[in-house]
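S.K.: mmCIF, C-alpha atoms, file my_file_8.cif:
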```
data_final
#
loop_
_atom_site.group_PDB
_atom_site.id
_atom_site.type_symbol
_atom_site.label_atom_id
_atom_site.label_comp_id
_atom_site.auth_asym_id
_atom_site.auth_seq_id
_atom_site.Cartn_x
_atom_site.Cartn_y
_atom_site.Cartn_z
ATOM 1 C CA MET S 1 -1.346 53.353 19.467
ATOM 2 C CA GLN S 2 -3.063 56.345 18.045
ATOM 3 C CA ASN S 3 -5.123 54.612 15.393
ATOM 4 C CA GLN S 4 -7.864 53.375 17.671
ATOM 5 C CA GLU S 5 -11.550 53.644 16.929
ATOM 6 C CA GLN S 6 -14.388 53.383 19.371
ATOM 7 C CA HIS S 7 -16.536 50.324 18.588
ATOM 8 C CA THR S 8 -20.278 50.393 19.206
ATOM 9 C CA ASN S 9 -20.019 48.137 22.265
ATOM 10 C CA GLY S 10 -17.389 50.388 23.863
ATOM 11 C CA SER S 11 -14.302 48.264 23.128
ATOM 12 C CA LYS S 12 -11.470 49.774 21.127
ATOM 13 C CA LYS S 13 -10.470 48.365 17.788
ATOM 14 C CA ILE S 14 -6.935 48.937 16.678
ATOM 15 C CA ARG S 15 -6.069 49.747 13.114
ATOM 16 C CA ILE S 16 -2.479 48.977 12.189
ATOM 17 C CA ASP S 17 -0.104 51.432 10.587
ATOM 18 C CA LYS S 18 3.702 51.507 10.641
ATOM 19 C CA ASP S 19 3.992 53.052 14.127
ATOM 20 C CA THR S 20 1.310 50.819 15.622
ATOM 21 C CA PHE S 21 2.926 47.750 14.112
ATOM 22 C CA GLU S 22 6.340 48.658 15.561
ATOM 23 C CA THR S 23 4.784 49.256 18.970
ATOM 24 C CA ILE S 24 2.906 45.944 18.876
ATOM 25 C CA TYR S 25 6.054 44.147 17.749
ATOM 26 C CA GLN S 26 8.153 45.648 20.565
ATOM 27 C CA MET S 27 5.501 44.904 23.171
ATOM 28 C CA TYR S 28 4.607 41.334 22.158
ATOM 29 C CA TRP S 29 7.367 39.606 20.211
ATOM 30 C CA GLU S 30 8.953 38.080 23.341
ATOM 31 C CA LYS S 31 5.617 36.812 24.602
ATOM 32 C CA VAL S 32 4.756 35.348 21.191
ATOM 33 C CA TYR S 33 8.187 33.737 21.003
ATOM 34 C CA ALA S 34 7.752 32.284 24.509
ATOM 35 C CA VAL S 35 4.441 30.674 23.527
ATOM 36 C CA CYS S 36 5.954 29.197 20.375
ATOM 37 C CA TYR S 37 9.137 27.998 22.041
ATOM 38 C CA ASN S 38 7.371 26.541 25.093
ATOM 39 C CA ASN S 39 5.146 24.483 22.824
ATOM 40 C CA ILE S 40 7.785 23.081 20.492
ATOM 41 C CA ARG S 41 11.092 23.532 22.369
ATOM 42 C CA GLU S 42 12.963 24.398 19.182
ATOM 43 C CA ILE S 43 14.644 27.800 18.850
ATOM 44 C CA GLU S 44 14.803 28.330 15.084
ATOM 45 C CA PRO S 45 11.312 27.096 14.233
ATOM 46 C CA ALA S 46 9.934 29.238 17.100
ATOM 47 C CA ARG S 47 11.721 32.316 15.704
ATOM 48 C CA GLU S 48 10.376 31.593 12.239
ATOM 49 C CA MET S 49 6.858 31.300 13.654
ATOM 50 C CA VAL S 50 7.170 34.696 15.335
ATOM 51 C CA GLN S 51 8.327 36.198 12.047
ATOM 52 C CA ASP S 52 5.469 34.533 10.173
ATOM 53 C CA ILE S 53 2.896 35.794 12.680
ATOM 54 C CA PHE S 54 4.102 39.403 12.559
ATOM 55 C CA LYS S 55 4.561 39.238 8.795
ATOM 56 C CA SER S 56 0.949 38.136 8.486
ATOM 57 C CA VAL S 57 -0.167 40.991 10.742
ATOM 58 C CA TRP S 58 1.745 43.483 8.589
ATOM 59 C CA GLU S 59 0.468 42.044 5.304
ATOM 60 C CA ARG S 60 -3.130 42.117 6.562
ATOM 61 C CA ARG S 61 -2.826 45.524 8.283
ATOM 62 C CA HIS S 62 -5.406 47.158 5.991
ATOM 63 C CA GLU S 63 -8.107 44.616 6.779
ATOM 64 C CA LEU S 64 -7.267 43.820 10.426
ATOM 65 C CA GLU S 65 -9.050 45.588 13.244
ATOM 66 C CA LEU S 66 -7.923 44.094 16.520
ATOM 67 C CA GLU S 67 -9.862 44.466 19.749
ATOM 68 C CA ASN S 68 -7.359 42.598 21.869
ATOM 69 C CA VAL S 69 -3.880 42.444 20.356
ATOM 70 C CA ASN S 70 -2.523 40.184 23.112
ATOM 71 C CA ASN S 71 -5.244 37.548 22.640
ATOM 72 C CA TYR S 72 -4.945 37.707 18.868
ATOM 73 C CA LEU S 73 -1.163 37.194 18.903
ATOM 74 C CA ILE S 74 -1.247 34.442 21.559
ATOM 75 C CA ARG S 75 -3.991 32.640 19.647
ATOM 76 C CA SER S 76 -1.943 33.004 16.447
ATOM 77 C CA ALA S 77 1.150 31.607 18.208
ATOM 78 C CA LYS S 78 -0.796 28.627 19.556
ATOM 79 C CA PHE S 79 -2.265 27.963 16.134
ATOM 80 C CA LYS S 80 1.173 28.196 14.495
ATOM 81 C CA THR S 81 2.701 25.749 16.982
ATOM 82 C CA PHE S 82 -0.229 23.365 16.622
ATOM 83 C CA GLU S 83 0.148 23.503 12.843
ATOM 84 C CA TYR S 84 3.908 22.953 13.137
ATOM 85 C CA ILE S 85 3.485 19.960 15.469
ATOM 86 C CA ARG S 86 0.733 18.471 13.299
ATOM 87 C CA ASN S 87 2.864 18.806 10.173
ATOM 88 C CA LYS S 88 5.950 17.439 11.923
ATOM 89 C CA VAL S 89 4.069 14.431 13.333
ATOM 90 C CA SER S 90 2.428 13.817 9.975
ATOM 91 C CA GLN S 91 5.788 14.037 8.209
ATOM 92 C CA GLN S 92 7.430 11.707 10.746
ATOM 93 C CA GLN S 93 4.587 9.210 10.439
ATOM 94 C CA HIS S 94 4.859 9.340 6.663
ATOM 95 C CA ILE S 95 8.631 8.787 6.818
ATOM 96 C CA CYS S 96 8.174 5.998 9.358
ATOM 97 C CA ILE S 97 5.560 4.249 7.201
ATOM 98 C CA LYS S 98 7.726 4.584 4.101
ATOM 99 C CA TYR S 99 10.749 3.324 6.048
ATOM 100 C CA GLN S 100 8.778 0.365 7.415
ATOM 101 C CA ASP S 101 7.442 -0.451 3.957
ATOM 102 C CA CYS S 102 10.944 -0.229 2.518
ATOM 103 C CA THR S 103 12.516 -2.174 5.378
ATOM 104 C CA HIS S 104 9.770 -4.733 5.376
ATOM 105 C CA SER S 105 9.883 -5.316 1.651
ATOM 106 C CA SER S 106 13.664 -5.467 1.533
ATOM 107 C CA ASN S 107 13.703 -7.737 4.594
ATOM 108 C CA CYS S 108 11.061 -9.912 2.973
ATOM 109 C CA THR S 109 13.119 -10.190 -0.173
ATOM 110 C CA GLU S 110 16.316 -10.784 1.755
ATOM 111 C CA GLU S 111 14.640 -13.306 4.050
ATOM 112 C CA LYS S 112 13.100 -15.104 1.101
ATOM 113 C CA ILE S 113 16.502 -15.399 -0.586
ATOM 114 C CA LEU S 114 18.087 -16.645 2.634
ATOM 115 C CA PHE S 115 15.235 -19.098 3.166
ATOM 116 C CA ASN S 116 15.538 -20.438 -0.384
ATOM 117 C CA ASN S 117 19.317 -20.805 -0.019
ATOM 118 C CA LEU S 118 18.907 -22.592 3.295
ATOM 119 C CA LYS S 119 16.179 -24.879 1.936
ATOM 120 C CA GLU S 120 18.351 -25.766 -1.043
ATOM 121 C CA LYS S 121 21.297 -26.569 1.273
ATOM 122 C CA VAL S 122 19.045 -28.702 3.530
ATOM 123 C CA ASP S 123 17.667 -30.597 0.526
ATOM 124 C CA ILE S 124 21.201 -31.336 -0.720
ATOM 125 C CA LEU S 125 22.283 -32.512 2.734
ATOM 126 C CA VAL S 126 19.171 -34.673 3.191
ATOM 127 C CA ASP S 127 19.878 -36.299 -0.165
ATOM 128 C CA THR S 128 23.355 -37.297 1.092
ATOM 129 C CA LEU S 129 21.916 -39.139 4.126
ATOM 130 C CA PRO S 130 21.819 -42.953 4.122
ATOM 131 C CA CYS S 131 18.650 -44.307 2.498
ATOM 132 C CA GLN S 132 16.724 -45.276 5.658
ATOM 133 C CA CYS S 133 17.804 -42.148 7.516
ATOM 134 C CA ARG S 134 16.685 -39.935 4.600
ATOM 135 C CA ARG S 135 13.329 -41.730 4.367
ATOM 136 C CA VAL S 136 12.644 -41.344 8.117
ATOM 137 C CA TYR S 137 13.667 -37.673 8.105
ATOM 138 C CA LYS S 138 11.411 -36.839 5.130
ATOM 139 C CA MET S 139 8.459 -38.685 6.633
ATOM 140 C CA SER S 140 8.933 -36.806 9.894
ATOM 141 C CA ARG S 141 9.733 -33.295 8.676
ATOM 142 C CA GLU S 142 8.142 -33.069 5.238
ATOM 143 C CA GLN S 143 5.079 -35.288 5.711
ATOM 144 C CA GLY S 144 4.616 -34.451 9.405
ATOM 145 C CA LEU S 145 4.184 -38.072 10.521
ATOM 146 C CA SER S 146 4.692 -39.047 14.148
ATOM 147 C CA ASN S 147 7.451 -41.450 15.184
ATOM 148 C CA LYS S 148 4.835 -44.156 15.781
ATOM 149 C CA GLU S 149 3.354 -43.699 12.281
ATOM 150 C CA ILE S 150 6.814 -43.835 10.678
ATOM 151 C CA ALA S 151 7.746 -46.949 12.652
ATOM 152 C CA SER S 152 4.522 -48.637 11.579
ATOM 153 C CA ALA S 153 4.933 -47.658 7.898
ATOM 154 C CA LEU S 154 8.594 -48.768 7.679
ATOM 155 C CA LEU S 155 8.196 -51.779 9.977
ATOM 156 C CA ILE S 156 10.919 -50.569 12.356
ATOM 157 C CA SER S 157 10.861 -49.709 16.047
ATOM 158 C CA GLU S 158 10.082 -46.228 17.329
ATOM 159 C CA ARG S 159 13.558 -46.265 18.854
ATOM 160 C CA ALA S 160 15.035 -46.775 15.361
ATOM 161 C CA VAL S 161 12.960 -43.844 14.083
ATOM 162 C CA GLU S 162 14.319 -41.635 16.914
ATOM 163 C CA TYR S 163 17.857 -42.764 16.049
ATOM 164 C CA HIS S 164 17.498 -41.882 12.360
ATOM 165 C CA ILE S 165 15.931 -38.472 13.098
ATOM 166 C CA THR S 166 18.665 -37.684 15.640
ATOM 167 C CA LYS S 167 21.344 -38.723 13.126
ATOM 168 C CA ALA S 168 19.780 -36.621 10.337
ATOM 169 C CA LEU S 169 19.453 -33.557 12.589
ATOM 170 C CA SER S 170 23.037 -33.974 13.747
ATOM 171 C CA VAL S 171 24.305 -34.014 10.137
ATOM 172 C CA LEU S 172 22.216 -30.946 9.328
ATOM 173 C CA ARG S 173 23.315 -29.094 12.488
ATOM 174 C CA VAL S 174 27.016 -29.666 11.748
ATOM 175 C CA ASN S 175 26.760 -28.706 8.090
ATOM 176 C CA LEU S 176 24.487 -25.706 8.629
ATOM 177 C CA SER S 177 26.312 -24.162 11.580
ATOM 178 C CA ASN S 178 27.220 -21.090 9.505
ATOM 179 C CA TYR S 179 23.461 -20.384 9.008
ATOM 180 C CA SER S 180 22.714 -19.974 12.723
ATOM 181 C CA SER S 181 22.353 -16.398 13.937
#
```
Written as structure tokens, how would this file's structure read?
M.R.:
Amino acid sequence: MQNQEQHTNGSKKIRIDKDTFETIYQMYWEKVYAVCYNNIREIEPAREMVQDIFKSVWERRHELELENVNNYLIRSAKFKTFEYIRNKVSQQQHICIKYQDCTHSSNCTEEKILFNNLKEKVDILVDTLPCQCRRVYKMSREQGLSNKEIASALLISERAVEYHITKALSVLRVNLSNYSS
């Protein structure tokens, strides 16, 4: 490294020319690669980072004056890997959010269709129940009345209410067995 200048505080600053660049590359590329690879554990992206770092050094050779080449290159490698990880995480989060949005909205739509189909089937089946059974079922499930309230309103025993609800649920269970997951 012949192109070194003495700085006022006694440290040497290195100016980069073709020979200096080749020397720096030969001395440090493995170390820079090791830093990149050890941080991301991916061969090709680590190689690309090394190329990018040395390419940047070469492109900026006229303006760069390096006091400590090792520190500069290691810092550059750490920055590159941090940037790579940040971008990768950000990209994965973006994909994940988009996937969740897509999945959620399609599931919502699909679930809504399934719910509407099931509700329609239940309504049809409830309408086929005997009159008293249908009335008890609707009071229980649609109006949310207790067995005691239904018995009082229809002037029947609570046991009769339980019978009608059991019968209605049995009819629904048999006819909706293909809807169970």
S.K.: Atom CA of Ile14 of chain S and atom CA of Thr81 of chain S are how many Å apart?
M.R.: 25.1 Å
S.K.: Quick one, how far is atom CA of Val32 of chain S from atom CA of Glu65 of chain S?
M.R.: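 Value for the atom CA of Val32 of chain S-atom CA of Glu65 of chain S distance: 18.9 Å.
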S.K.: If the box runs along x, y and z of the file and leaves 5 Å on each side of segment 36-50 of chain S, what are its centre and edge lengths in Å, one decimal, as lines of an AutoDock Vina configuration file?
M.R.:
```
center_x = 10.0
center_y = 28.9
center_z = 18.7
size_x = 19.7
size_y = 21.6
size_z = 22.9
```
S.K.: Choose the residue, out of S:Arg134, S:Arg47, S:Lys112, S:His62, that has the smallest atom-to-atom separation from Lys80 of chain S; count all atoms listed in the file.
M.R.: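 The answer is S:Arg47, which sits nearest to Lys80 of chain S.
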S.K.: Rank S:Ile156, S:Ile97, S:Leu125, S:Val69 by their smallest atom-to-atom distance to Ala168 of chain S, using all atoms listed in the file, and report the top residue only.
M.R.: S:Leu125
S.K.: Skipping near chain neighbours, those fewer than 4 positions away, what residues fall within 12 Å of Glu149 of chain S using only C-alpha atoms, listed as a VMD selection string?
M.R.: chain S and resid 136 139 to 140 143 to 145 153 to 158 161
S.K.: Which residues would end up in the selection if the PyMOL selection byres ((chain S and resi 162-165) around 12) were applied here, given that I need the answer as a ChimeraX atom specification?
M.R.: /S:126,129-141,146-148,150-151,156-161,166-173
S.K.: Counting all atoms listed in the file, which of S:Leu114, S:Leu64, S:Ile53, S:Ile124 gets nearest to Tyr25 of chain S?
M.R.: S:Ile53
